[in-house]
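*Asks:* File name run_20.csv; file contents CSV, C-alpha atoms; full text below.
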chain,number,residue,atom,x,y,z
A,1,MET,CA,8.6,8.5,-16.8
A,2,LYS,CA,5.7,9.3,-19.1
A,3,ALA,CA,2.9,7.0,-20.2
A,4,LEU,CA,2.7,6.8,-24.0
A,5,LEU,CA,0.1,4.2,-25.0
A,6,HIS,CA,-1.6,1.4,-23.1
A,7,ASN,CA,1.2,-0.2,-21.0
A,8,THR,CA,4.0,1.6,-22.9
A,9,PHE,CA,6.2,4.2,-21.2
A,10,GLN,CA,8.9,6.7,-22.1
A,11,VAL,CA,11.8,6.8,-19.6
A,12,GLY,CA,15.2,8.4,-19.2
A,13,ALA,CA,18.5,6.6,-19.5
A,14,GLY,CA,19.3,4.8,-16.3
A,15,GLU,CA,15.9,5.7,-14.7
A,16,VAL,CA,14.9,3.6,-11.7
A,17,ILE,CA,11.3,2.5,-11.7
A,18,GLN,CA,9.4,1.0,-8.8
A,19,LEU,CA,6.4,-1.4,-9.4
A,20,ALA,CA,4.0,-1.8,-6.5
A,21,THR,CA,1.4,-4.5,-6.9
A,22,LYS,CA,-1.6,-5.0,-4.6
A,23,VAL,CA,-4.6,-7.3,-4.6
A,24,ASP,CA,-7.9,-6.6,-3.0
A,25,ASN,CA,-8.8,-10.3,-2.5
A,26,PRO,CA,-5.6,-12.1,-1.1
A,27,PRO,CA,-3.6,-14.0,-1.6
A,28,LEU,CA,-1.5,-12.2,-4.1
A,29,LEU,CA,-0.8,-14.7,-6.9
A,30,ALA,CA,1.3,-12.6,-9.3
A,31,GLY,CA,4.1,-13.7,-11.5
A,32,TYR,CA,6.7,-11.5,-13.2
A,33,THR,CA,9.0,-12.2,-16.2
A,34,THR,CA,12.2,-12.9,-14.4
A,35,PRO,CA,14.5,-11.3,-15.3
A,36,PRO,CA,12.7,-8.6,-17.2
A,37,HIS,CA,14.1,-8.2,-20.7
A,38,GLY,CA,16.7,-5.5,-20.7
A,39,SER,CA,17.0,-5.2,-16.9
A,40,LYS,CA,16.8,-7.1,-13.6
A,41,TRP,CA,14.6,-7.0,-10.5
A,42,ALA,CA,16.0,-5.4,-7.3
A,43,LYS,CA,14.7,-4.8,-3.8
A,44,VAL,CA,11.8,-7.3,-4.1
A,45,LYS,CA,9.5,-7.2,-1.0
A,46,LYS,CA,6.4,-9.5,-0.8
A,47,THR,CA,3.5,-10.0,1.6
A,48,ASN,CA,0.3,-11.9,1.3
A,49,ALA,CA,-1.4,-8.9,-0.5
A,50,THR,CA,1.5,-6.8,-1.9
A,51,ASP,CA,4.6,-7.1,-4.0
A,52,THR,CA,7.1,-4.2,-4.5
A,53,ARG,CA,10.1,-4.3,-6.8
A,54,GLU,CA,12.4,-2.0,-8.7
A,55,PHE,CA,14.3,-2.1,-12.0
A,56,THR,CA,16.8,0.2,-13.7
A,57,CYS,CA,16.3,1.2,-17.3
A,58,PRO,CA,19.2,0.8,-19.9
A,59,GLY,CA,21.5,3.7,-20.5
A,60,THR,CA,21.1,4.0,-24.3
A,61,THR,CA,18.4,5.7,-26.3
A,62,GLY,CA,16.1,3.3,-28.0
A,63,GLN,CA,16.8,0.4,-25.7
A,64,GLN,CA,13.9,-1.0,-23.6
A,65,VAL,CA,12.7,-3.0,-20.7
A,66,THR,CA,9.8,-5.4,-21.3
A,67,PHE,CA,8.1,-7.8,-18.9
A,68,ALA,CA,4.8,-9.5,-18.3
A,69,VAL,CA,2.8,-9.6,-15.1
A,70,SER,CA,0.5,-12.6,-14.8
A,71,CYS,CA,-2.2,-12.6,-12.1
A,72,ALA,CA,-4.3,-15.5,-10.8
A,73,GLU,CA,-6.9,-15.9,-8.0
A,74,ALA,CA,-7.6,-18.3,-5.1
A,75,ILE,CA,-11.1,-17.1,-4.2
A,76,PRO,CA,-12.9,-19.8,-2.2
A,77,THR,CA,-16.2,-21.2,-3.3
A,78,GLY,CA,-19.0,-19.2,-1.7
A,79,ALA,CA,-16.9,-16.1,-1.1
A,80,PRO,CA,-18.8,-12.8,-1.4
A,81,SER,CA,-16.4,-11.5,-4.0
A,82,LYS,CA,-15.9,-13.3,-7.3
A,83,VAL,CA,-13.1,-11.2,-8.7
A,84,ALA,CA,-9.5,-10.5,-7.5
A,85,VAL,CA,-8.5,-7.0,-8.6
A,86,TYR,CA,-4.8,-6.3,-8.9
A,87,SER,CA,-3.7,-2.6,-8.8
A,88,LEU,CA,-0.2,-1.9,-10.3
A,89,SER,CA,1.5,1.4,-9.7
A,90,PHE,CA,4.6,2.5,-11.6
A,91,SER,CA,6.7,5.3,-10.0
A,92,SER,CA,10.0,6.9,-11.0
A,93,LEU,CA,12.4,6.8,-8.1
A,94,THR,CA,14.8,8.9,-10.2
A,95,ASN,CA,12.2,11.6,-10.9
A,96,PRO,CA,9.9,11.5,-7.9
A,97,LYS,CA,8.0,14.6,-9.1
A,98,ASP,CA,6.6,12.5,-12.0
A,99,SER,CA,3.1,11.3,-11.3
A,100,PRO,CA,2.8,7.6,-10.8
A,101,VAL,CA,1.0,5.6,-13.5
A,102,ASN,CA,-1.6,3.1,-12.5
A,103,SER,CA,-2.8,0.0,-14.2
A,104,GLY,CA,-5.0,-2.9,-13.2
A,105,ILE,CA,-5.8,-6.5,-13.8
A,106,ALA,CA,-9.1,-8.1,-12.8
A,107,VAL,CA,-9.2,-11.9,-12.5
A,108,PRO,CA,-12.7,-13.4,-12.3
A,109,GLN,CA,-13.0,-16.6,-10.2
A,110,GLY,CA,-11.9,-19.6,-12.3
A,111,LEU,CA,-10.6,-17.5,-15.2
A,112,GLY,CA,-6.9,-16.8,-14.3
A,113,PRO,CA,-4.2,-16.4,-14.8
A,114,ILE,CA,-4.4,-13.2,-16.9
A,115,SER,CA,-1.3,-11.5,-18.2
A,116,GLN,CA,-0.4,-8.0,-19.4
A,117,THR,CA,2.9,-6.9,-20.9
A,118,TYR,CA,4.6,-3.6,-20.1
A,119,THR,CA,7.3,-1.8,-22.1
A,120,PHE,CA,9.6,1.0,-21.0
A,121,ILE,CA,11.5,2.7,-23.9
A,122,VAL,CA,14.5,4.9,-23.2
A,123,GLN,CA,14.2,8.3,-25.0
How would this structure read if it were set down as structure tokens?

*Replies:*
Amino acid sequence: MKALLHNTFQVGAGEVIQLATKVDNPPLLAGYTTPPHGSKWAKVKKTNATDTREFTCPGTTGQQVTFAVSCAEAIPTGAPSKVAVYSLSFSSLTNPKDSPVNSGIAVPQGLGPISQTYTFIVQ
């Protein structure tokens, strides 16, 4: 997996990608396009502050996987932090020597949900 442009990645045919999402100000209120266009989610594990899931990329050059991640917040009135910061880490399970690629979504109190779209293109 290789990052190309903002939220766009180059992947190999059949490459398995893991997405790990964490929030610094729980609860984690993240939604994912289900199923992602061009694949499906597998091995989904959730806690109050984390979500880990995998998907497999298509086997044909030029095909892609696209999905949105939408994040919200539930910060109580008077809390010291006014922003929920989501950290997203994309890792190749097929090529573990590839460096993970990190992204983030900051959701100010009262302004969510905020969405970002991610695209993985088979090269």

*Asks:* Which value, in Å to one decimal, gives the distance between atom CA of Pro26 of chain A and atom CA of Pro113 of chain A?

*Replies:*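 Atom CA of Pro113 of chain A lies 14.4 Å from atom CA of Pro26 of chain A.
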
*Asks:* Report, in Å to a single decimal, how far apart atom CA of His6 of chain A and atom CA of Phe120 of chain A are.

*Replies:* 11.4 Å

*Asks:* Just give me the gap between atom CA of Gly62 of chain A and atom CA of Val11 of chain A in Å, one decimal is fine.

*Replies:*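 Computing it gives 10.1 Å between the two atoms.
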
*Asks:* Nearest to Ala79 of chain A: which of A:Thr66, A:Pro58, A:Gln123, A:Asn25 is it, counting all atoms listed in the file?

*Replies:*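 Using all atoms listed in the file, Ala79 of chain A sits closest to A:Asn25.
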
*Asks:* Excluding segment 93-102 of chain A and any residue of its chain fewer than 4 positions from it, enumerate the residues within 6 Å of it, using all atoms listed in the file, and give them as a list of chain:residue names.

*Replies:* A:Glu15, A:Val16, A:Ile17, A:Leu88, A:Ser89

*Asks:* Would you list the contacts of Lys22 of chain A as an MDAnalysis selection string, taking every protein, DNA or RNA residue within 8 Å and counting all atoms listed in the file, but skipping same-chain residues closer than 3 positions in sequence?

*Replies:* chainID A and resid 28 49:51 86:88

*Asks:* Measuring between all atoms listed in the file, which one of A:Gln116, A:Gln109, A:Gln18, A:Ser39 shows the shortest distance to Gln63 of chain A?

*Replies:*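 For Gln63 of chain A, the nearest of the candidates is A:Ser39.
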
*Asks:* From the list A:Gly14, A:Asn48, A:Thr60, A:Ser70, which residue is nearest Ser92 of chain A when using all atoms listed in the file?

*Replies:*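 Among the listed residues, A:Gly14 lies closest to Ser92 of chain A.
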
*Asks:* Please provide the set of residues having any atom within 12 Å of Trp41 of chain A, restricted to all atoms listed in the file, with same-chain residues fewer than 2 positions apart removed, written as a list in words.

*Replies:*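 Residues near the query, excluding close chain neighbours: Val16, Ile17, Gln18, Leu19, Tyr32, Thr33, Thr34, Pro35, Pro36, His37, Gly38, Ser39, Lys43, Val44, Lys45, Asp51, Thr52, Arg53, Glu54, Phe55, Thr56, Cys57, Val65, Thr66 and Phe67 of chain A.
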